[in-house]
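Next up, work32.cif (mmCIF, C-alpha atoms):
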```cif
data_final
#
loop_
_atom_site.label_atom_id
_atom_site.label_comp_id
_atom_site.auth_asym_id
_atom_site.auth_seq_id
_atom_site.Cartn_x
_atom_site.Cartn_y
_atom_site.Cartn_z
CA MET A 1 16.16 -46.02 -15.89
CA LYS A 2 14.62 -47.49 -12.76
CA ARG A 3 14.45 -44.02 -11.27
CA TYR A 4 12.50 -42.63 -14.26
CA LEU A 5 10.17 -45.60 -14.12
CA SER A 6 9.42 -45.06 -10.43
CA ILE A 7 8.80 -41.33 -11.09
CA LEU A 8 6.37 -42.25 -13.87
CA ILE A 9 4.57 -44.74 -11.63
CA PHE A 10 4.37 -42.13 -8.86
CA LEU A 11 2.97 -39.55 -11.27
CA PHE A 12 0.43 -42.03 -12.60
CA LEU A 13 -0.73 -42.93 -9.07
CA TRP A 14 -0.86 -39.27 -8.10
CA VAL A 15 -2.96 -38.38 -11.16
CA SER A 16 -5.26 -41.36 -10.50
CA ALA A 17 -5.68 -40.34 -6.87
CA SER A 18 -6.44 -36.75 -7.91
CA ALA A 19 -8.98 -37.94 -10.44
CA GLN A 20 -10.80 -39.89 -7.73
CA GLU A 21 -11.12 -36.69 -5.75
CA GLY A 22 -13.09 -35.11 -8.60
CA LEU A 23 -16.68 -35.72 -9.50
CA TYR A 24 -18.38 -36.36 -12.79
CA VAL A 25 -20.70 -33.42 -12.16
CA GLU A 26 -17.65 -31.16 -12.03
CA ASP A 27 -18.00 -30.79 -15.81
CA LEU A 28 -21.53 -29.55 -15.22
CA PHE A 29 -20.42 -26.98 -12.65
CA GLU A 30 -17.62 -25.86 -14.95
CA GLY A 31 -20.14 -25.18 -17.72
CA ARG A 32 -18.73 -27.89 -20.00
CA VAL A 33 -22.03 -29.79 -20.32
CA ILE A 34 -24.53 -26.94 -20.43
CA PRO A 35 -23.31 -23.45 -21.31
CA ALA A 36 -22.82 -21.33 -18.18
CA LYS A 37 -25.04 -18.59 -19.57
CA MET A 38 -27.97 -21.01 -19.62
CA MET A 39 -27.65 -21.77 -15.90
CA LYS A 40 -28.45 -19.87 -12.74
CA ARG A 41 -25.48 -20.40 -10.47
CA ASN A 42 -25.09 -19.68 -6.79
CA TYR A 43 -21.66 -20.34 -5.30
CA ILE A 44 -21.10 -19.51 -1.64
CA SER A 45 -18.14 -20.27 0.56
CA GLY A 46 -16.67 -19.03 3.79
CA SER A 47 -17.93 -17.77 7.12
CA LYS A 48 -21.48 -17.06 5.90
CA LEU A 49 -22.00 -20.81 5.75
CA HIS A 50 -20.63 -21.62 9.18
CA PRO A 51 -24.07 -21.44 10.90
CA TYR A 52 -25.13 -24.28 8.59
CA GLY A 53 -22.07 -26.44 9.26
CA LEU A 54 -20.94 -25.94 5.67
CA ASP A 55 -17.95 -24.36 4.01
CA THR A 56 -18.95 -24.69 0.36
CA TYR A 57 -22.28 -24.43 -1.37
CA LYS A 58 -22.66 -24.61 -5.13
CA SER A 59 -25.98 -24.77 -6.88
CA LEU A 60 -27.07 -24.83 -10.48
CA PHE A 61 -30.51 -24.37 -11.88
CA PHE A 62 -31.30 -24.83 -15.55
CA GLN A 63 -33.98 -25.87 -17.98
CA VAL A 64 -33.11 -28.43 -20.63
CA GLY A 65 -34.65 -30.80 -23.12
CA GLU A 66 -34.68 -34.57 -22.90
CA GLY A 67 -31.22 -35.16 -24.44
CA ALA A 68 -29.30 -32.77 -22.21
CA PHE A 69 -31.26 -33.95 -19.20
CA HIS A 70 -30.18 -37.53 -19.86
CA THR A 71 -26.51 -36.43 -19.96
CA VAL A 72 -26.88 -34.69 -16.59
CA GLU A 73 -28.72 -37.66 -15.14
CA VAL A 74 -25.90 -39.99 -16.17
CA LEU A 75 -23.27 -37.75 -14.52
CA VAL A 76 -25.21 -37.72 -11.24
CA LEU A 77 -25.73 -41.48 -11.35
CA LYS A 78 -22.02 -42.07 -12.04
CA ASP A 79 -21.17 -40.03 -8.95
CA SER A 80 -23.70 -41.99 -6.93
CA TYR A 81 -21.75 -45.22 -7.55
CA ALA A 82 -19.00 -44.09 -5.20
CA ALA A 83 -21.50 -42.90 -2.61
CA GLU A 84 -21.45 -44.01 1.00
CA ASP A 85 -25.16 -43.33 1.37
CA LYS A 86 -27.71 -42.26 -1.17
CA GLN A 87 -31.39 -41.72 -1.70
CA LEU A 88 -32.43 -41.92 -5.34
CA GLU A 89 -35.94 -41.53 -6.63
CA TYR A 90 -37.17 -42.17 -10.14
CA ASP A 91 -40.20 -41.21 -12.15
CA GLY A 92 -40.41 -43.92 -14.77
CA ASP A 93 -36.91 -44.23 -16.23
CA HIS A 94 -35.79 -40.83 -15.12
CA LEU A 95 -33.96 -39.86 -12.00
CA THR A 96 -35.98 -37.10 -10.35
CA TYR A 97 -34.46 -36.84 -6.90
CA ALA A 98 -31.13 -37.68 -5.31
CA VAL A 99 -29.31 -36.96 -2.11
CA ILE A 100 -25.89 -38.56 -2.37
CA CYS A 101 -23.39 -38.70 0.50
CA LEU A 102 -20.07 -38.65 -1.30
CA PRO A 103 -16.84 -40.00 0.19
CA LYS A 104 -15.35 -37.56 2.69
CA THR A 105 -12.55 -35.20 1.72
CA GLN A 106 -8.98 -35.94 2.80
CA THR A 107 -9.51 -33.46 5.64
CA GLY A 108 -12.58 -35.36 6.84
CA LEU A 109 -15.29 -33.02 5.58
CA ASN A 110 -18.64 -34.40 4.46
CA ARG A 111 -19.67 -33.88 0.85
CA PHE A 112 -23.12 -34.14 -0.65
CA LEU A 113 -24.54 -34.03 -4.10
CA CYS A 114 -28.23 -33.21 -4.37
CA PHE A 115 -30.34 -33.41 -7.48
CA GLN A 116 -33.91 -32.49 -8.17
CA ALA A 117 -35.71 -32.55 -11.51
CA LYS A 118 -39.22 -31.95 -12.72
CA GLU A 119 -40.56 -32.30 -16.23
CA GLU A 120 -43.25 -30.20 -17.82
CA LYS A 121 -44.14 -30.38 -21.52
CA GLY A 122 -40.79 -31.93 -22.43
CA ILE A 123 -38.73 -29.33 -20.55
CA TRP A 124 -36.85 -30.38 -17.46
CA ASP A 125 -36.33 -27.99 -14.56
CA VAL A 126 -33.14 -29.24 -12.94
CA THR A 127 -31.42 -28.26 -9.71
CA VAL A 128 -28.01 -29.67 -8.83
CA VAL A 129 -26.36 -28.81 -5.54
CA TYR A 130 -22.92 -29.62 -4.16
CA LEU A 131 -22.36 -29.19 -0.42
CA ARG A 132 -19.25 -29.59 1.70
CA GLY A 133 -18.79 -29.17 5.42
CA THR A 134 -18.99 -30.74 8.83
CA ALA A 135 -22.79 -31.09 8.72
CA THR A 136 -24.21 -34.58 8.29
CA VAL A 137 -27.21 -35.41 6.14
CA GLY A 138 -29.21 -35.62 9.38
CA ASP A 139 -28.14 -32.09 10.33
CA LEU A 140 -29.17 -30.81 6.91
CA GLU A 141 -32.55 -32.51 7.14
CA THR A 142 -33.11 -31.01 10.58
CA MET A 143 -32.15 -27.56 9.34
CA PHE A 144 -33.96 -27.52 6.03
CA ASN A 145 -36.79 -30.07 6.13
CA LYS A 146 -39.82 -27.85 6.53
CA LYS A 147 -42.29 -30.70 6.11
CA ASP A 148 -44.71 -31.11 9.00
CA LYS A 149 -43.94 -34.38 10.74
CA MET B 1 21.71 61.98 -8.00
CA ASN B 2 21.22 58.45 -7.00
CA LYS B 3 20.79 59.38 -3.37
CA ASN B 4 18.14 61.97 -4.28
CA TYR B 5 16.38 59.42 -6.42
CA TYR B 6 16.30 56.88 -3.57
CA LYS B 7 15.29 59.56 -1.08
CA LYS B 8 12.31 60.34 -3.30
CA LEU B 9 11.59 56.66 -3.57
CA SER B 10 11.85 56.36 0.22
CA GLN B 11 9.40 59.20 0.70
CA ARG B 12 6.95 57.63 -1.74
CA TYR B 13 7.55 54.26 -0.06
CA LEU B 14 6.46 55.76 3.25
CA ASP B 15 3.43 57.23 1.46
CA VAL B 16 2.72 53.75 0.08
CA ALA B 17 2.89 55.13 -3.45
CA LEU B 18 5.52 52.87 -5.03
CA SER B 19 4.97 50.42 -7.81
CA PRO B 20 6.18 46.87 -7.04
CA ARG B 21 9.11 47.35 -9.39
CA GLU B 22 10.15 50.61 -7.63
CA GLU B 23 9.72 48.94 -4.27
CA ARG B 24 12.03 46.07 -5.30
CA ARG B 25 14.58 48.59 -6.52
CA LEU B 26 14.43 50.56 -3.23
CA ILE B 27 14.70 47.40 -1.09
CA ALA B 28 17.75 46.30 -3.09
CA PHE B 29 19.33 49.69 -2.48
CA LEU B 30 18.47 49.69 1.23
CA SER B 31 20.06 46.30 1.71
CA LYS B 32 23.37 47.70 0.47
CA THR B 33 23.49 51.25 1.78
CA GLU B 34 24.97 52.25 5.13
CA ASP B 35 23.81 55.87 4.84
CA PRO B 36 22.16 56.95 8.15
CA GLU B 37 19.69 59.10 6.21
CA PHE B 38 17.97 55.93 5.12
CA ASP B 39 17.84 54.38 8.60
CA GLU B 40 14.22 55.38 9.12
CA VAL B 41 13.02 53.90 5.86
CA LYS B 42 15.19 50.83 6.48
CA ALA B 43 13.46 50.30 9.84
CA VAL B 44 10.05 50.60 8.23
CA ALA B 45 11.02 48.27 5.38
CA SER B 46 12.41 45.80 7.90
CA TYR B 47 9.17 46.02 9.89
CA PHE B 48 7.11 45.25 6.80
CA ALA B 49 9.46 42.48 5.78
CA GLN B 50 8.94 40.86 9.19
CA GLY B 51 5.20 41.39 8.87
CA LYS B 52 5.21 39.65 5.49
CA ALA B 53 7.21 36.77 6.95
CA LEU B 54 4.70 36.46 9.78
CA HIS B 55 1.79 36.47 7.38
CA ALA B 56 3.24 33.82 5.11
CA PRO B 57 2.06 30.81 7.22
CA ALA B 58 -1.40 32.37 7.38
CA ARG B 59 -1.47 32.23 3.59
CA GLU B 60 -0.57 28.55 3.78
CA VAL B 61 -3.42 27.98 6.20
CA ARG B 62 -5.72 29.79 3.78
CA THR B 63 -4.43 27.53 0.98
CA LEU B 64 -5.04 24.52 3.17
CA ARG B 65 -8.55 25.74 3.95
CA ARG B 66 -9.17 26.19 0.25
CA TRP B 67 -8.28 22.54 -0.32
CA LEU B 68 -10.06 21.33 2.77
CA VAL B 69 -13.57 21.69 1.30
CA PRO B 70 -12.96 19.80 -1.98
CA ALA B 71 -10.93 17.21 -0.06
CA GLY B 72 -13.81 16.82 2.39
CA ILE B 73 -16.31 16.46 -0.44
CA ALA B 74 -14.06 13.91 -2.16
CA ALA B 75 -13.64 11.96 1.10
CA ALA B 76 -17.41 12.06 1.73
CA LEU B 77 -18.06 10.84 -1.82
CA LEU B 78 -15.49 8.08 -1.41
CA ILE B 79 -17.01 6.98 1.89
CA GLY B 80 -20.49 7.16 0.36
CA VAL B 81 -19.51 5.05 -2.65
CA SER B 82 -17.70 2.53 -0.42
CA LEU B 83 -20.70 2.24 1.90
CA THR B 84 -23.06 1.82 -1.06
CA LEU B 85 -20.86 -0.90 -2.54
CA ALA B 86 -20.55 -2.64 0.83
CA PHE B 87 -24.33 -2.44 1.29
CA GLN B 88 -24.96 -3.84 -2.19
CA HIS B 89 -22.44 -6.62 -1.57
CA ALA B 90 -24.08 -7.49 1.76
CA LYS B 91 -27.51 -7.45 0.10
CA ARG B 92 -26.26 -9.73 -2.71
CA GLU B 93 -24.74 -12.10 -0.15
CA GLU B 94 -27.97 -12.10 1.83
CA GLY B 95 -29.89 -12.85 -1.36
CA ALA B 96 -27.53 -15.72 -2.16
CA ILE B 97 -27.99 -17.17 1.34
CA GLN B 98 -31.78 -16.86 1.09
CA SER B 99 -31.71 -18.56 -2.30
CA MET B 100 -29.57 -21.34 -0.79
CA GLU B 101 -32.03 -21.81 2.07
CA ARG B 102 -34.93 -22.04 -0.39
CA THR B 103 -33.10 -24.56 -2.58
CA LEU B 104 -32.04 -26.75 0.33
CA ALA B 105 -35.50 -26.55 1.90
CA SER B 106 -36.96 -27.68 -1.41
CA ILE B 107 -34.50 -30.58 -1.64
CA PHE B 108 -34.67 -31.78 1.95
CA SER B 109 -38.44 -31.40 2.16
CA SER B 110 -39.34 -33.15 -1.06
CA GLY B 111 -37.63 -36.52 -0.75
CA THR B 112 -39.77 -39.45 0.25
CA ASP B 113 -39.75 -39.95 4.00
CA ILE B 114 -38.48 -43.52 4.25
CA GLU B 115 -39.68 -43.92 7.84
CA THR B 116 -43.23 -42.92 6.92
CA GLU B 117 -43.21 -45.10 3.80
CA LEU B 118 -42.00 -48.14 5.75
CA SER B 119 -44.49 -47.67 8.55
CA GLU B 120 -47.30 -47.27 6.01
CA LEU B 121 -46.18 -50.49 4.28
CA LEU B 122 -45.91 -52.44 7.51
CA THR B 123 -49.25 -51.31 8.88
CA GLN B 124 -51.14 -52.32 5.74
#
```

Encoded form using structure tokens:
Amino acid sequence: MKRYLSILIFLFLWVSASAQEGLYVEDLFEGRVIPAKMMKRNYISGSKLHPYGLDTYKSLFFQVGEGAFHTVEVLVLKDSYAAEDKQLEYDGDHLTYAVICLPKTQTGLNRFLCFQAKEEKGIWDVTVVYLRGTATVGDLETMFNKKDK
Amino acid sequence: MNKNYYKKLSQRYLDVALSPREERRLIAFLSKTEDPEFDEVKAVASYFAQGKALHAPAREVRTLRRWLVPAGIAAALLIGVSLTLAFQHAKREEGAIQSMERTLASIFSSGTDIETELSELLTQ
């Protein structure tokens, strides 16, 4: 009996640990929040990303109304709670920009969740990006920040 | 009677006037007979038989040559299709990377620069 109990406890802990590895926005990337056919998706992995210090790049672009936007916003904010570092920007009540440094993977890789949204006539243009690799947020800013300083 | 018949056949064989069926019949007879009167025609038949044997591989080469052209075309088509697919794949990958660069440039360029904001606040 004790043996079964310890197996159950182990399984519970294992499932809990696995769940912590996942993100709330995973549902979004899996097309469970907004139908996949309504999103432009760009998934890249492998050696093509090595020059950027990344091994995974996933991006979504979609246009949604207020209700769906709020759902997406909540998912991003929930993931930001576990963040080590984050930059969140709001326009009124709405999250319009986020760069979230997620906890590292078990293998020590950095993970980032980026979010950008812009509203026009009640329609939100939303971009959500998931990045994983050895690059730090500083590296990414150096590589991709084209703003004149 | 038989001998006369085969002699006539032999003569016509030497004149190259036999039908294939008659030729087969004569060859079958020559392979069995020991009659010295047929030695000459036997020698000729043997010579042609050797000639045929020698020409057989040449026919194979001709057969191979016949297949070589369609096989070459098929190989060229296959290589062409593979190269086109590889090119399209590379182009798609390049497009995906360019799209990634644009997206990340948009994200990492549009956030508020905290350093600038703080220095603006502190200098006011």

*Selection: 12 Å around Gly95 of chain B, all atoms listed in the file, excl. self and same-chain fewer than 6 positions, as number ranges by chain*: A: 42-44, 48; B: 88-89, 101-102

Keeping only C-alpha atoms, take the residues you just selected and write them out as a PDB file, in the frame of the given file.
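This is the output file selection20.pdb:
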```
ATOM      1  CA  ASN A  42     -25.090 -19.680  -6.790  1.00  0.00           C
ATOM      2  CA  TYR A  43     -21.660 -20.340  -5.300  1.00  0.00           C
ATOM      3  CA  ILE A  44     -21.100 -19.510  -1.640  1.00  0.00           C
ATOM      4  CA  LYS A  48     -21.480 -17.060   5.900  1.00  0.00           C
TER       5      LYS A  48
ATOM      6  CA  GLN B  88     -24.960  -3.840  -2.190  1.00  0.00           C
ATOM      7  CA  HIS B  89     -22.440  -6.620  -1.570  1.00  0.00           C
ATOM      8  CA  GLU B 101     -32.030 -21.810   2.070  1.00  0.00           C
ATOM      9  CA  ARG B 102     -34.930 -22.040  -0.390  1.00  0.00           C
TER      10      ARG B 102
END
```

*Point-to-point distance in Å for atom CA of Thr105 of chain A and atom CA of Gly22 of chain A*: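 Answer for the atom CA of Gly22 of chain A to atom CA of Thr105 of chain A separation: 10.3 Å.
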
_Quick check: residues of chain A within 12 Å of chain B, only C-alpha atoms, returned as a ChimeraX atom specification._
/A:40-52,54,56-61,86-90,96-100,112-118,126-131,137-149

*Would you list the contacts of Val41 of chain B as a list in words, taking every protein, DNA or RNA residue within 10 Å and counting all atoms listed in the file, but skipping same-chain residues closer than 4 positions in sequence?*
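Final neighbour list, sorted by chain and number: Lys7, Leu9, Ser10, Gln11, Tyr13, Leu14, Leu26, Ile27, Leu30, Pro36, Glu37, Ala45, Ser46 and Tyr47 of chain B.
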
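Between atom CA of Lys121 of chain A and atom CA of Gly67 of chain A there is a distance of 14.1 Å.
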
*asked:* As a check of understanding, name the residues that the PyMOL selection byres ((chain A and resi 66) around 12) selects in the supplied structure, as a PyMOL selection string.
replied: chain A and resi 63-65+67-73+93-94+117-126

_Computed interatomic separation between atom CA of Tyr24 of chain A and atom CA of Ser80 of chain A (Å)_ = 9.7 Å

Filled-in N, CA and C atoms of segment 100-116 of chain B, supplied as a PDB file, in the coordinates of the input:
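Generated output (part.pdb):
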```pdb
ATOM      1  N   MET B 100     -30.086 -20.041  -1.234  1.00  0.00           N
ATOM      2  CA  MET B 100     -29.570 -21.340  -0.790  1.00  0.00           C
ATOM      3  C   MET B 100     -30.561 -22.020   0.153  1.00  0.00           C
ATOM      4  N   GLU B 101     -31.077 -21.244   1.100  1.00  0.00           N
ATOM      5  CA  GLU B 101     -32.030 -21.810   2.070  1.00  0.00           C
ATOM      6  C   GLU B 101     -33.270 -22.348   1.355  1.00  0.00           C
ATOM      7  N   ARG B 102     -33.751 -21.593   0.359  1.00  0.00           N
ATOM      8  CA  ARG B 102     -34.930 -22.040  -0.390  1.00  0.00           C
ATOM      9  C   ARG B 102     -34.649 -23.343  -1.136  1.00  0.00           C
ATOM     10  N   THR B 103     -33.464 -23.371  -1.792  1.00  0.00           N
ATOM     11  CA  THR B 103     -33.100 -24.560  -2.580  1.00  0.00           C
ATOM     12  C   THR B 103     -32.969 -25.783  -1.678  1.00  0.00           C
ATOM     13  N   LEU B 104     -32.261 -25.606  -0.557  1.00  0.00           N
ATOM     14  CA  LEU B 104     -32.040 -26.750   0.330  1.00  0.00           C
ATOM     15  C   LEU B 104     -33.348 -27.176   1.007  1.00  0.00           C
ATOM     16  N   ALA B 105     -34.199 -26.210   1.307  1.00  0.00           N
ATOM     17  CA  ALA B 105     -35.500 -26.550   1.900  1.00  0.00           C
ATOM     18  C   ALA B 105     -36.308 -27.359   0.893  1.00  0.00           C
ATOM     19  N   SER B 106     -36.232 -26.953  -0.371  1.00  0.00           N
ATOM     20  CA  SER B 106     -36.960 -27.680  -1.410  1.00  0.00           C
ATOM     21  C   SER B 106     -36.423 -29.104  -1.535  1.00  0.00           C
ATOM     22  N   ILE B 107     -35.098 -29.243  -1.486  1.00  0.00           N
ATOM     23  CA  ILE B 107     -34.500 -30.580  -1.640  1.00  0.00           C
ATOM     24  C   ILE B 107     -34.804 -31.460  -0.426  1.00  0.00           C
ATOM     25  N   PHE B 108     -34.539 -30.926   0.768  1.00  0.00           N
ATOM     26  CA  PHE B 108     -34.670 -31.780   1.950  1.00  0.00           C
ATOM     27  C   PHE B 108     -36.117 -31.940   2.417  1.00  0.00           C
ATOM     28  N   SER B 109     -37.028 -31.217   1.807  1.00  0.00           N
ATOM     29  CA  SER B 109     -38.440 -31.400   2.160  1.00  0.00           C
ATOM     30  C   SER B 109     -39.159 -32.298   1.160  1.00  0.00           C
ATOM     31  N   SER B 110     -38.573 -32.454  -0.027  1.00  0.00           N
ATOM     32  CA  SER B 110     -39.340 -33.150  -1.060  1.00  0.00           C
ATOM     33  C   SER B 110     -38.987 -34.617  -1.241  1.00  0.00           C
ATOM     34  N   GLY B 111     -37.944 -35.095  -0.621  1.00  0.00           N
ATOM     35  CA  GLY B 111     -37.630 -36.520  -0.750  1.00  0.00           C
ATOM     36  C   GLY B 111     -38.658 -37.351   0.001  1.00  0.00           C
ATOM     37  N   THR B 112     -38.818 -38.581  -0.435  1.00  0.00           N
ATOM     38  CA  THR B 112     -39.770 -39.450   0.250  1.00  0.00           C
ATOM     39  C   THR B 112     -39.250 -39.748   1.651  1.00  0.00           C
ATOM     40  N   ASP B 113     -40.128 -39.630   2.632  1.00  0.00           N
ATOM     41  CA  ASP B 113     -39.750 -39.950   4.000  1.00  0.00           C
ATOM     42  C   ASP B 113     -39.770 -41.461   4.163  1.00  0.00           C
ATOM     43  N   ILE B 114     -38.596 -42.053   4.244  1.00  0.00           N
ATOM     44  CA  ILE B 114     -38.480 -43.520   4.250  1.00  0.00           C
ATOM     45  C   ILE B 114     -39.203 -44.108   5.478  1.00  0.00           C
ATOM     46  N   GLU B 115     -39.066 -43.451   6.599  1.00  0.00           N
ATOM     47  CA  GLU B 115     -39.680 -43.920   7.840  1.00  0.00           C
ATOM     48  C   GLU B 115     -41.207 -44.021   7.684  1.00  0.00           C
ATOM     49  N   THR B 116     -41.774 -42.938   7.119  1.00  0.00           N
ATOM     50  CA  THR B 116     -43.230 -42.920   6.920  1.00  0.00           C
ATOM     51  C   THR B 116     -43.641 -44.006   5.936  1.00  0.00           C
TER      52      THR B 116
END
```
